[in-house]
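File shown: entry16.tsv. Contents: TSV, C-alpha atoms.
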chain	number	residue	atom	x	y	z
A	49	MET	CA	-24.43	6.03	-4.75
A	50	GLY	CA	-23.10	3.19	-6.89
A	51	LYS	CA	-21.31	-0.08	-7.53
A	52	ALA	CA	-17.74	-1.25	-7.02
A	53	LEU	CA	-16.02	-4.33	-8.43
A	54	ILE	CA	-13.36	-5.51	-5.97
A	55	ILE	CA	-10.76	-7.86	-7.43
A	56	GLY	CA	-8.93	-9.98	-4.87
A	57	CYS	CA	-10.02	-11.71	-1.67
A	58	GLY	CA	-6.93	-11.71	0.60
A	59	GLY	CA	-6.39	-9.90	3.90
A	60	VAL	CA	-6.42	-6.34	2.51
A	61	ALA	CA	-9.44	-7.05	0.29
A	62	SER	CA	-11.33	-8.48	3.26
A	63	VAL	CA	-10.78	-5.25	5.24
A	64	ALA	CA	-11.75	-3.03	2.28
A	65	ILE	CA	-14.91	-5.11	1.70
A	66	HIS	CA	-15.90	-4.90	5.40
A	67	LYS	CA	-15.40	-1.13	5.20
A	68	CYS	CA	-17.43	-0.82	1.96
A	69	CYS	CA	-20.29	-2.58	3.75
A	70	GLN	CA	-20.01	-0.15	6.69
A	71	ASN	CA	-20.19	2.67	4.11
A	72	SER	CA	-23.34	1.45	2.37
A	73	GLU	CA	-24.51	4.96	1.40
A	74	ILE	CA	-21.66	5.06	-1.12
A	75	PHE	CA	-21.26	1.34	-1.82
A	76	GLU	CA	-24.82	0.21	-2.55
A	77	GLU	CA	-23.58	-2.84	-4.45
A	78	ILE	CA	-20.23	-4.60	-4.58
A	79	MET	CA	-18.94	-7.59	-6.48
A	80	ILE	CA	-16.07	-9.60	-4.99
A	81	ALA	CA	-14.13	-11.39	-7.73
A	82	SER	CA	-11.12	-13.64	-7.37
A	83	ARG	CA	-9.49	-16.70	-8.88
A	84	THR	CA	-10.96	-18.75	-6.02
A	85	LYS	CA	-14.70	-18.04	-5.91
A	86	SER	CA	-15.20	-20.06	-2.72
A	87	LYS	CA	-13.18	-17.44	-0.78
A	88	CYS	CA	-15.47	-14.70	-2.15
A	89	ASP	CA	-18.57	-16.72	-1.24
A	90	ALA	CA	-17.30	-17.28	2.32
A	91	LEU	CA	-16.77	-13.53	2.80
A	92	LYS	CA	-20.18	-12.76	1.29
A	93	ALA	CA	-21.81	-15.22	3.71
A	94	LYS	CA	-20.14	-13.41	6.62
A	95	LEU	CA	-21.29	-9.96	5.48
A	96	ASP	CA	-24.71	-10.62	3.93
A	97	GLY	CA	-27.68	-9.07	5.66
A	98	GLY	CA	-26.42	-5.48	5.67
A	99	LYS	CA	-27.50	-2.69	3.35
A	100	THR	CA	-24.78	-3.31	0.74
A	101	LYS	CA	-25.81	-5.90	-1.84
A	102	ILE	CA	-22.94	-8.35	-2.41
A	103	HIS	CA	-22.26	-10.45	-5.53
A	104	THR	CA	-19.36	-12.84	-6.18
A	105	ALA	CA	-17.60	-14.05	-9.31
A	106	GLN	CA	-14.64	-16.12	-10.43
A	107	VAL	CA	-12.07	-14.24	-12.53
A	108	ASP	CA	-8.47	-14.75	-13.56
A	109	ALA	CA	-6.99	-11.25	-13.40
A	110	ASP	CA	-4.18	-12.30	-15.75
A	111	HIS	CA	-6.71	-12.42	-18.62
A	112	VAL	CA	-7.95	-9.09	-19.98
A	113	GLU	CA	-10.88	-10.65	-21.87
A	114	GLU	CA	-12.22	-12.32	-18.71
A	115	LEU	CA	-11.97	-9.02	-16.85
A	116	ILE	CA	-13.71	-7.10	-19.66
A	117	ALA	CA	-16.57	-9.61	-19.72
A	118	LEU	CA	-17.01	-9.32	-15.94
A	119	ILE	CA	-16.90	-5.49	-15.97
A	120	ASN	CA	-19.43	-5.39	-18.83
A	121	ARG	CA	-21.71	-7.75	-16.93
A	122	PHE	CA	-21.60	-5.88	-13.59
A	123	GLN	CA	-21.14	-2.30	-14.91
A	124	PRO	CA	-19.32	-0.92	-11.83
A	125	ASP	CA	-18.54	2.77	-11.25
A	126	VAL	CA	-15.05	1.80	-10.09
A	127	VAL	CA	-12.76	-1.24	-10.14
A	128	LEU	CA	-10.79	-1.60	-6.90
A	129	ASN	CA	-7.76	-3.75	-7.67
A	130	LEU	CA	-6.64	-5.65	-4.55
A	131	ALA	CA	-5.16	-8.57	-6.50
A	132	LEU	CA	-1.40	-9.05	-7.01
A	133	PRO	CA	0.80	-6.19	-8.31
A	134	TYR	CA	1.69	-8.40	-11.30
A	135	GLN	CA	-1.91	-7.97	-12.49
A	136	ASP	CA	-2.18	-4.15	-12.43
A	137	LEU	CA	-1.71	-3.71	-16.16
A	138	THR	CA	-4.23	-6.33	-17.30
A	139	ILE	CA	-6.82	-4.77	-14.98
A	140	MET	CA	-5.97	-1.27	-16.24
A	141	ASP	CA	-6.35	-2.54	-19.82
A	142	ALA	CA	-9.80	-3.92	-19.00
A	143	CYS	CA	-10.80	-0.61	-17.36
A	144	LEU	CA	-9.67	1.29	-20.47
A	145	ALA	CA	-11.60	-1.04	-22.77
A	146	THR	CA	-14.78	-0.56	-20.70
A	147	LYS	CA	-14.20	3.11	-19.71
A	148	THR	CA	-14.28	2.28	-15.98
A	149	ASN	CA	-12.48	4.11	-13.16
A	150	TYR	CA	-9.57	2.25	-11.53
A	151	VAL	CA	-7.99	2.24	-8.02
A	152	ASP	CA	-5.10	0.11	-6.68
A	153	THR	CA	-2.80	-0.04	-3.63
A	154	ALA	CA	0.50	-1.26	-5.11
A	155	ASN	CA	2.46	-0.38	-8.23
A	156	TYR	CA	2.86	-2.82	-11.11
A	157	GLU	CA	5.71	-5.30	-10.82
A	158	PRO	CA	7.00	-7.59	-13.54
A	159	LEU	CA	7.11	-11.19	-12.32
A	160	ASP	CA	10.75	-11.76	-13.21
A	161	THR	CA	12.35	-8.90	-11.29
A	162	ALA	CA	11.45	-6.78	-8.24
A	163	LYS	CA	11.26	-3.24	-9.64
A	164	PHE	CA	8.83	-1.26	-7.48
A	165	GLU	CA	8.44	1.65	-9.90
A	166	TYR	CA	5.58	3.47	-11.59
A	167	LYS	CA	6.76	3.89	-15.19
A	168	TRP	CA	4.51	1.15	-16.60
A	169	GLN	CA	1.41	2.67	-15.06
A	170	TRP	CA	2.35	6.28	-15.76
A	171	ALA	CA	2.55	5.28	-19.44
A	172	TYR	CA	-1.30	5.00	-19.32
A	173	ARG	CA	-1.84	8.71	-18.51
A	174	GLU	CA	-2.85	9.89	-21.95
A	175	ARG	CA	-5.09	6.91	-22.66
A	176	PHE	CA	-7.02	7.32	-19.38
A	177	GLU	CA	-7.32	11.05	-20.01
A	178	LYS	CA	-8.70	10.46	-23.52
A	179	ALA	CA	-11.14	7.84	-22.20
A	180	GLY	CA	-12.37	10.35	-19.58
A	181	ILE	CA	-11.71	8.00	-16.66
A	182	THR	CA	-9.63	8.15	-13.47
A	183	ALA	CA	-6.84	5.81	-12.37
A	184	LEU	CA	-5.75	6.28	-8.76
A	185	LEU	CA	-2.43	4.58	-8.01
A	186	GLY	CA	-1.05	3.32	-4.72
A	187	CYS	CA	-3.97	4.09	-2.42
A	188	GLY	CA	-3.01	1.96	0.58
A	189	PHE	CA	-1.03	3.31	3.52
A	190	ASP	CA	2.53	3.36	2.23
A	191	PRO	CA	2.14	4.18	-0.60
A	192	GLY	CA	-1.16	5.99	-0.15
A	193	VAL	CA	-1.73	7.72	3.16
A	194	THR	CA	1.97	8.70	3.24
A	195	GLY	CA	1.34	10.62	-0.02
A	196	VAL	CA	-1.82	12.22	1.39
A	197	PHE	CA	0.15	13.21	4.54
A	198	SER	CA	2.81	14.79	2.29
A	199	ALA	CA	0.24	16.72	0.27
A	200	TYR	CA	-1.44	17.87	3.50
A	201	ALA	CA	1.87	19.05	5.01
A	202	GLN	CA	2.69	20.87	1.76
A	203	LYS	CA	-0.74	22.55	1.65
A	204	HIS	CA	-1.08	23.57	5.31
A	205	GLU	CA	2.26	23.50	7.12
A	206	PHE	CA	5.11	24.48	4.78
A	207	ASP	CA	6.13	26.83	2.01
A	208	GLU	CA	8.63	24.19	0.96
A	209	ILE	CA	9.40	20.67	2.20
A	210	ASN	CA	13.10	19.77	1.95
A	211	GLU	CA	13.22	16.36	3.63
A	212	ILE	CA	10.74	13.54	4.22
A	213	ASP	CA	11.42	10.43	6.29
A	214	ILE	CA	8.67	7.81	6.05
A	215	LEU	CA	8.72	5.52	9.10
A	216	ASP	CA	6.78	2.24	9.15
A	217	ALA	CA	6.85	0.48	12.52
A	218	ASN	CA	5.10	-2.73	13.44
A	219	ALA	CA	5.34	-3.71	17.10
A	220	GLY	CA	2.90	-6.58	16.64
A	221	ASP	CA	3.78	-10.03	17.95
A	222	HIS	CA	2.13	-13.07	16.31
A	223	GLY	CA	4.11	-15.72	18.21
A	224	TYR	CA	5.65	-17.43	15.16
A	225	PRO	CA	9.44	-17.52	14.78
A	226	PHE	CA	9.02	-16.33	11.16
A	227	ALA	CA	5.96	-15.09	9.27
A	228	THR	CA	5.20	-12.09	7.08
A	229	ASN	CA	2.37	-9.65	7.78
A	230	PHE	CA	1.30	-9.40	4.15
A	231	ASN	CA	1.81	-11.47	0.99
A	232	PRO	CA	5.13	-13.28	1.74
A	233	GLU	CA	6.24	-13.12	-1.89
A	234	ILE	CA	5.86	-9.33	-2.11
A	235	ASN	CA	7.16	-8.76	1.43
A	236	ILE	CA	10.35	-10.79	0.96
A	237	ARG	CA	11.01	-9.33	-2.52
A	238	GLU	CA	10.74	-5.85	-0.99
A	239	VAL	CA	13.03	-6.58	1.95
A	240	SER	CA	15.71	-8.53	0.09
A	241	ALA	CA	15.99	-5.95	-2.73
A	242	LYS	CA	18.69	-3.27	-2.56
A	243	GLY	CA	17.73	-0.19	-0.60
A	244	SER	CA	17.70	3.30	-2.08
A	245	TYR	CA	16.74	6.86	-1.26
A	246	TRP	CA	16.27	10.07	-3.20
A	247	GLU	CA	18.79	12.85	-2.62
A	248	ASN	CA	19.57	15.99	-4.61
A	249	GLY	CA	17.78	14.84	-7.75
A	250	LYS	CA	19.13	11.30	-7.93
A	251	TRP	CA	18.86	7.82	-6.45
A	252	VAL	CA	21.45	6.66	-3.91
A	253	GLU	CA	21.57	2.86	-3.78
A	254	THR	CA	22.42	0.85	-0.66
A	255	GLU	CA	22.90	-2.84	0.08
A	256	PRO	CA	19.82	-4.58	1.58
A	257	MET	CA	19.49	-3.60	5.26
A	258	GLU	CA	22.78	-1.67	5.15
A	259	ILE	CA	21.42	1.47	6.86
A	260	LYS	CA	19.98	0.94	10.34
A	261	ARG	CA	18.59	3.52	12.76
A	262	VAL	CA	16.87	3.26	16.14
A	263	TYR	CA	13.76	5.40	16.63
A	264	ASP	CA	11.56	6.03	19.65
A	265	PHE	CA	8.03	5.75	18.22
A	266	PRO	CA	5.01	7.31	19.95
A	267	GLU	CA	2.96	4.60	21.77
A	268	ILE	CA	5.41	1.85	20.70
A	269	GLY	CA	8.84	2.81	22.01
A	270	GLU	CA	12.32	2.22	20.59
A	271	LYS	CA	12.60	0.01	17.52
A	272	ASP	CA	15.35	-0.96	15.07
A	273	MET	CA	14.48	0.26	11.59
A	274	TYR	CA	16.18	-0.22	8.23
A	275	LEU	CA	16.28	1.84	5.06
A	276	LEU	CA	14.40	0.20	2.14
A	277	HIS	CA	13.49	1.30	-1.35
A	278	HIS	CA	9.76	2.05	-1.51
A	279	GLU	CA	7.74	3.10	-4.54
A	280	GLU	CA	6.23	6.29	-3.13
A	281	LEU	CA	9.71	7.87	-2.98
A	282	GLU	CA	9.61	8.03	-6.78
A	283	SER	CA	6.26	9.84	-7.03
A	284	LEU	CA	6.83	12.14	-4.03
A	285	ALA	CA	10.17	13.25	-5.52
A	286	LEU	CA	8.18	14.49	-8.54
A	287	HIS	CA	5.20	16.05	-6.79
A	288	ILE	CA	6.46	17.68	-3.56
A	289	LYS	CA	8.13	21.01	-4.27
A	290	GLY	CA	11.51	21.89	-2.76
A	291	ILE	CA	12.34	18.29	-1.91
A	292	ARG	CA	16.03	17.44	-1.40
A	293	ARG	CA	15.86	14.05	0.28
A	294	ILE	CA	13.25	11.32	0.85
A	295	ARG	CA	13.93	8.11	2.74
A	296	PHE	CA	11.81	5.14	3.81
A	297	PHE	CA	12.47	3.08	6.96
A	298	MET	CA	10.74	-0.08	8.19
A	299	THR	CA	11.16	-1.84	11.53
A	300	PHE	CA	12.27	-5.48	11.74
A	301	GLY	CA	12.92	-7.66	14.76
A	302	GLN	CA	16.14	-9.68	15.04
A	303	SER	CA	14.33	-13.03	14.71
A	304	TYR	CA	12.80	-11.99	11.36
A	305	LEU	CA	16.18	-10.82	10.01
A	306	THR	CA	18.02	-13.96	11.17
A	307	HIS	CA	15.46	-16.24	9.51
A	308	LEU	CA	15.47	-14.15	6.35
A	309	LYS	CA	19.28	-14.24	6.13
A	310	CYS	CA	19.26	-18.02	6.47
A	311	LEU	CA	16.53	-18.41	3.81
A	312	GLU	CA	18.48	-16.10	1.46
A	313	ASN	CA	21.69	-18.05	2.03
A	314	VAL	CA	20.06	-21.34	1.02
A	315	GLY	CA	18.37	-19.80	-2.04
A	316	MET	CA	14.76	-19.91	-0.81
A	317	THR	CA	14.11	-16.22	-1.56
A	318	SER	CA	15.16	-16.50	-5.22
A	319	ILE	CA	12.66	-15.63	-7.98
A	320	GLU	CA	14.66	-17.62	-10.56
A	321	PRO	CA	12.78	-20.84	-11.47
A	322	ILE	CA	14.61	-24.10	-10.66
A	323	GLU	CA	14.07	-27.66	-11.84
A	324	TYR	CA	12.57	-29.95	-9.17
A	325	ASN	CA	11.30	-33.48	-9.87
A	326	GLY	CA	10.79	-32.63	-13.53
A	327	MET	CA	8.88	-29.43	-12.71
A	328	LYS	CA	9.87	-25.79	-12.75
A	329	ILE	CA	9.27	-24.07	-9.39
A	330	VAL	CA	10.12	-20.59	-8.11
A	331	PRO	CA	11.73	-20.98	-4.65
A	332	LEU	CA	10.08	-17.83	-3.26
A	333	GLN	CA	6.64	-19.03	-4.39
A	334	PHE	CA	7.27	-22.39	-2.72
A	335	LEU	CA	8.37	-20.61	0.47
A	336	LYS	CA	5.14	-18.58	0.38
A	337	ALA	CA	3.20	-21.87	0.32
A	338	VAL	CA	4.87	-23.19	3.50
A	339	LEU	CA	4.74	-19.97	5.55
A	340	PRO	CA	1.66	-19.06	7.63
A	341	ASP	CA	-1.01	-17.29	5.58
A	342	PRO	CA	-0.93	-13.60	6.65
A	343	ALA	CA	-4.74	-13.72	6.91
A	344	SER	CA	-4.34	-16.33	9.70
A	345	LEU	CA	-2.20	-14.01	11.87
A	346	GLY	CA	-5.12	-11.78	12.92
A	347	PRO	CA	-6.33	-13.65	16.00
A	348	ARG	CA	-2.75	-14.20	17.27
A	349	THR	CA	-1.30	-10.71	16.79
A	350	LYS	CA	-0.97	-8.32	19.73
A	351	GLY	CA	0.53	-4.83	19.77
A	352	LYS	CA	0.42	-1.75	17.59
A	353	THR	CA	1.64	-0.25	14.34
A	354	ASN	CA	2.86	3.32	13.89
A	355	ILE	CA	3.22	4.60	10.33
A	356	GLY	CA	3.90	8.20	9.44
A	357	CYS	CA	6.06	10.90	7.89
A	358	ILE	CA	8.52	13.35	9.43
A	359	PHE	CA	8.83	16.54	7.37
A	360	LYS	CA	11.57	19.15	7.50
A	361	GLY	CA	11.30	22.38	5.56
A	362	LYS	CA	10.56	26.09	5.71
A	363	LYS	CA	7.56	28.21	6.61
A	364	ASP	CA	7.74	32.02	6.40
A	365	GLY	CA	11.52	31.78	5.99
A	366	LYS	CA	12.00	29.72	9.17
A	367	GLU	CA	13.15	26.09	9.54
A	368	LYS	CA	10.35	23.81	10.71
A	369	THR	CA	9.75	20.12	11.50
A	370	TYR	CA	6.41	18.32	11.55
A	371	TYR	CA	5.38	14.67	12.14
A	372	LEU	CA	2.10	13.16	10.93
A	373	TYR	CA	1.35	9.57	11.91
A	374	ASN	CA	-1.27	6.96	12.69
A	375	VAL	CA	-1.19	4.37	15.48
A	376	CYS	CA	-3.27	1.25	14.95
A	377	ASP	CA	-3.95	-1.60	17.40
A	378	HIS	CA	-3.82	-5.15	15.98
A	379	GLN	CA	-6.40	-6.56	18.40
A	380	GLU	CA	-8.85	-3.67	17.89
A	381	CYS	CA	-8.63	-4.21	14.12
A	382	TYR	CA	-9.24	-7.92	14.54
A	383	LYS	CA	-12.27	-7.27	16.74
A	384	GLU	CA	-13.75	-4.92	14.14
A	385	VAL	CA	-13.05	-6.64	10.82
A	386	GLY	CA	-11.31	-9.97	11.55
A	387	SER	CA	-7.88	-8.85	10.28
A	388	GLN	CA	-4.65	-7.56	11.84
A	389	ALA	CA	-3.48	-3.96	11.53
A	390	ILE	CA	-1.21	-4.46	8.50
A	391	SER	CA	-4.21	-5.43	6.36
A	392	TYR	CA	-6.37	-2.80	8.10
A	393	THR	CA	-4.02	0.12	7.42
A	394	THR	CA	-4.01	-0.76	3.70
A	395	GLY	CA	-7.65	-1.83	3.30
A	396	VAL	CA	-9.22	1.28	4.88
A	397	PRO	CA	-7.43	3.78	2.56
A	398	ALA	CA	-8.29	1.56	-0.43
A	399	MET	CA	-11.99	1.88	0.44
A	400	ILE	CA	-11.59	5.65	0.97
A	401	GLY	CA	-9.85	6.04	-2.42
A	402	ALA	CA	-12.63	4.12	-4.18
A	403	MET	CA	-15.18	6.30	-2.37
A	404	MET	CA	-13.38	9.53	-3.40
A	405	VAL	CA	-13.49	8.44	-7.04
A	406	MET	CA	-17.10	7.24	-6.84
A	407	ASN	CA	-18.48	10.38	-5.18
A	408	GLY	CA	-16.62	12.65	-7.60
A	409	THR	CA	-14.24	14.23	-5.05
A	410	TRP	CA	-11.16	12.79	-6.75
A	411	ARG	CA	-12.60	12.03	-10.16
A	412	LYS	CA	-10.79	13.58	-13.10
A	413	PRO	CA	-9.50	12.06	-16.34
A	414	GLY	CA	-5.98	10.67	-16.18
A	415	VAL	CA	-3.62	8.60	-14.00
A	416	PHE	CA	-2.78	10.07	-10.58
A	417	ASN	CA	-0.78	9.35	-7.46
A	418	VAL	CA	-2.66	10.37	-4.33
A	419	GLU	CA	-0.42	13.34	-3.49
A	420	GLU	CA	-1.50	15.07	-6.73
A	421	LEU	CA	-5.07	15.46	-5.39
A	422	ASP	CA	-6.65	17.55	-2.60
A	423	PRO	CA	-5.67	15.86	0.70
A	424	ASP	CA	-8.28	17.49	2.97
A	425	PRO	CA	-11.33	15.29	2.26
A	426	PHE	CA	-9.14	12.17	2.50
A	427	MET	CA	-7.67	13.31	5.85
A	428	ASP	CA	-11.23	13.82	7.18
A	429	ALA	CA	-12.22	10.36	5.94
A	430	LEU	CA	-9.23	8.74	7.72
A	431	ASN	CA	-10.54	10.10	11.03
A	432	GLN	CA	-14.05	8.94	10.21
A	433	TRP	CA	-13.25	5.41	9.02
A	434	GLY	CA	-10.82	4.08	11.64
A	435	LEU	CA	-7.34	5.52	10.93
A	436	PRO	CA	-7.23	8.75	12.97
A	437	TRP	CA	-4.03	10.73	12.47
A	438	GLN	CA	-1.92	12.54	15.03
A	439	GLU	CA	0.58	15.37	14.63
A	440	SER	CA	3.66	16.64	16.42
A	441	TYR	CA	5.59	19.84	15.77
A	442	HIS	CA	8.80	18.90	17.56
A	443	PRO	CA	9.58	15.28	16.62
A	444	ASP	CA	12.95	13.63	17.09
A	445	LEU	CA	14.60	13.68	13.68
A	446	VAL	CA	16.25	10.65	12.10
A	447	ASP	CA	19.97	11.37	11.58

Represent the structure contained in this file as structure tokens.
Amino acid sequence: MGKALIIGCGGVASVAIHKCCQNSEIFEEIMIASRTKSKCDALKAKLDGGKTKIHTAQVDADHVEELIALINRFQPDVVLNLALPYQDLTIMDACLATKTNYVDTANYEPLDTAKFEYKWQWAYRERFEKAGITALLGCGFDPGVTGVFSAYAQKHEFDEINEIDILDANAGDHGYPFATNFNPEINIREVSAKGSYWENGKWVETEPMEIKRVYDFPEIGEKDMYLLHHEELESLALHIKGIRRIRFFMTFGQSYLTHLKCLENVGMTSIEPIEYNGMKIVPLQFLKAVLPDPASLGPRTKGKTNIGCIFKGKKDGKEKTYYLYNVCDHQECYKEVGSQAISYTTGVPAMIGAMMVMNGTWRKPGVFNVEELDPDPFMDALNQWGLPWQESYHPDLVD
């Protein structure tokens, strides 16, 4: 079918690359490019010998000219951006310059402040449309599958959806007193930012971790969960009709929260540079360097994740509730692709999104969030590629 350039070589990229190689009918050739070429070469060595032809390259995704040169050399059908969210715009610029389709899993973030919003990327709509290429934003799990679930519920289950609660539960245990399941810098920025939710056409802001609920998750049991701001709230508020309220909750254990509070209190989660021994360092970036690499958690992590959406709305004039979710087993994921379920649940949808653009199913000029496109082929692909979904018509609601 074609060629994909995959930028990034962390945990999520590793899963997506494994999955591309499993799906060699679509991904005949891939190039893995990252700042550290040796990481790309090590992954290539692991996966060589299958039907997908693998190339590697060194690239600094902060530099548009380097990206343009690489895209021109490889001529991919799609660029799958699994680098850092700070690099979304340079990669989008390179895709525009070369008229290449673009897919990512996380919205652009400026380095100096944790924003988690889409306005920078939405500003590219007209330019992508004019260039005749597709940009698919936020095609991981949350954001990503949660948007596909919402579009599916809207298409098949409701006349109007009034409330969505997105619940992200991780019951995995890696044995460390404190570690993050994905990039520590992004994870801690997300968790220590103020929370917010969308209600009656406006944002309601909360203090970090101010709103706590306990939920009994299928296959996992009761977990403490906390309301966070999450970027898909912004796009779902625009694209799901009849919506009155959208909230996002994530589970955290007490040990994680205690450690985080302590690190915050001593200034280790700050993104303000400080002077140290004549050098400027960002405390959060230093903390990232001393914490376990999320990629190393795979072999140690036991348990499951449960991520999904509870919908409340109307069908044929009657009130209705509906729950769509996926349960993923950390050890099964590690057996299959050498990564834990947090990377797996993001990497699989990233591969599916790139496939949908490459095979033409989701290819149209412009910049799109996943819920703007037909959910059905994506829902089928989730079942096929390792993230089967489940549904319930009488879920417990979050108060």

Checklist entry - A:Ile212, A:Met298, A:Val193, A:Leu421: which is nearest A:Leu435, counting all atoms listed in the file? => result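 Answer, going by the shortest atom-to-atom distance: A:Val193.
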
Next on the checklist: Using all atoms listed in the file, which protein or nucleic acid residues come within 9 Å of A:Ser62? Drop anything in the same chain fewer than 2 positions from it, and give the result as JSON, numbers by chain.
Outcome noted: {"A": [56, 57, 58, 59, 60, 64, 65, 66, 67, 91, 385, 386, 387, 391, 392, 395]}

Next on the checklist: Distance cut-off 10 Å, centre (-6.9, -9.1, -16.1) in file coordinates, counting all atoms listed in the file: which residues qualify? Return them as an MDAnalysis selection string.
Outcome noted: chainID A and resid 55 107:116 131 134:143

Sort by chain and increasing residue number a table of all residues of stretch 232-316 of chain A within 10 Å of stretch 144-161 of chain A, each with its closest pair of atoms and their distance in Å to one decimal, counting all atoms listed in the file, and write it as JSON lines.
{"residue": "A:Ile234", "atom": "CA", "partner": "A:Glu157", "partner_atom": "CA", "distance": 9.6}
{"residue": "A:Arg237", "atom": "CA", "partner": "A:Thr161", "partner_atom": "CA", "distance": 8.9}
{"residue": "A:Ala241", "atom": "CA", "partner": "A:Thr161", "partner_atom": "CA", "distance": 9.8}
{"residue": "A:Glu279", "atom": "CA", "partner": "A:Asn155", "partner_atom": "CA", "distance": 7.3}
{"residue": "A:Glu280", "atom": "CA", "partner": "A:Asn155", "partner_atom": "CA", "distance": 9.2}

Those selected residues, please, written with C-alpha atoms and delivered as a PDB file, keeping the file's coordinate frame.
ATOM      1  CA  ILE A 234       5.860  -9.330  -2.110  1.00  0.00           C
ATOM      2  CA  ARG A 237      11.010  -9.330  -2.520  1.00  0.00           C
ATOM      3  CA  ALA A 241      15.990  -5.950  -2.730  1.00  0.00           C
ATOM      4  CA  GLU A 279       7.740   3.100  -4.540  1.00  0.00           C
ATOM      5  CA  GLU A 280       6.230   6.290  -3.130  1.00  0.00           C
TER       6      GLU A 280
END

Checklist entry - What does the distance from atom CA of A:Leu345 to atom CA of A:Gly220 come to in Å, to one decimal? => result 10.2 Å
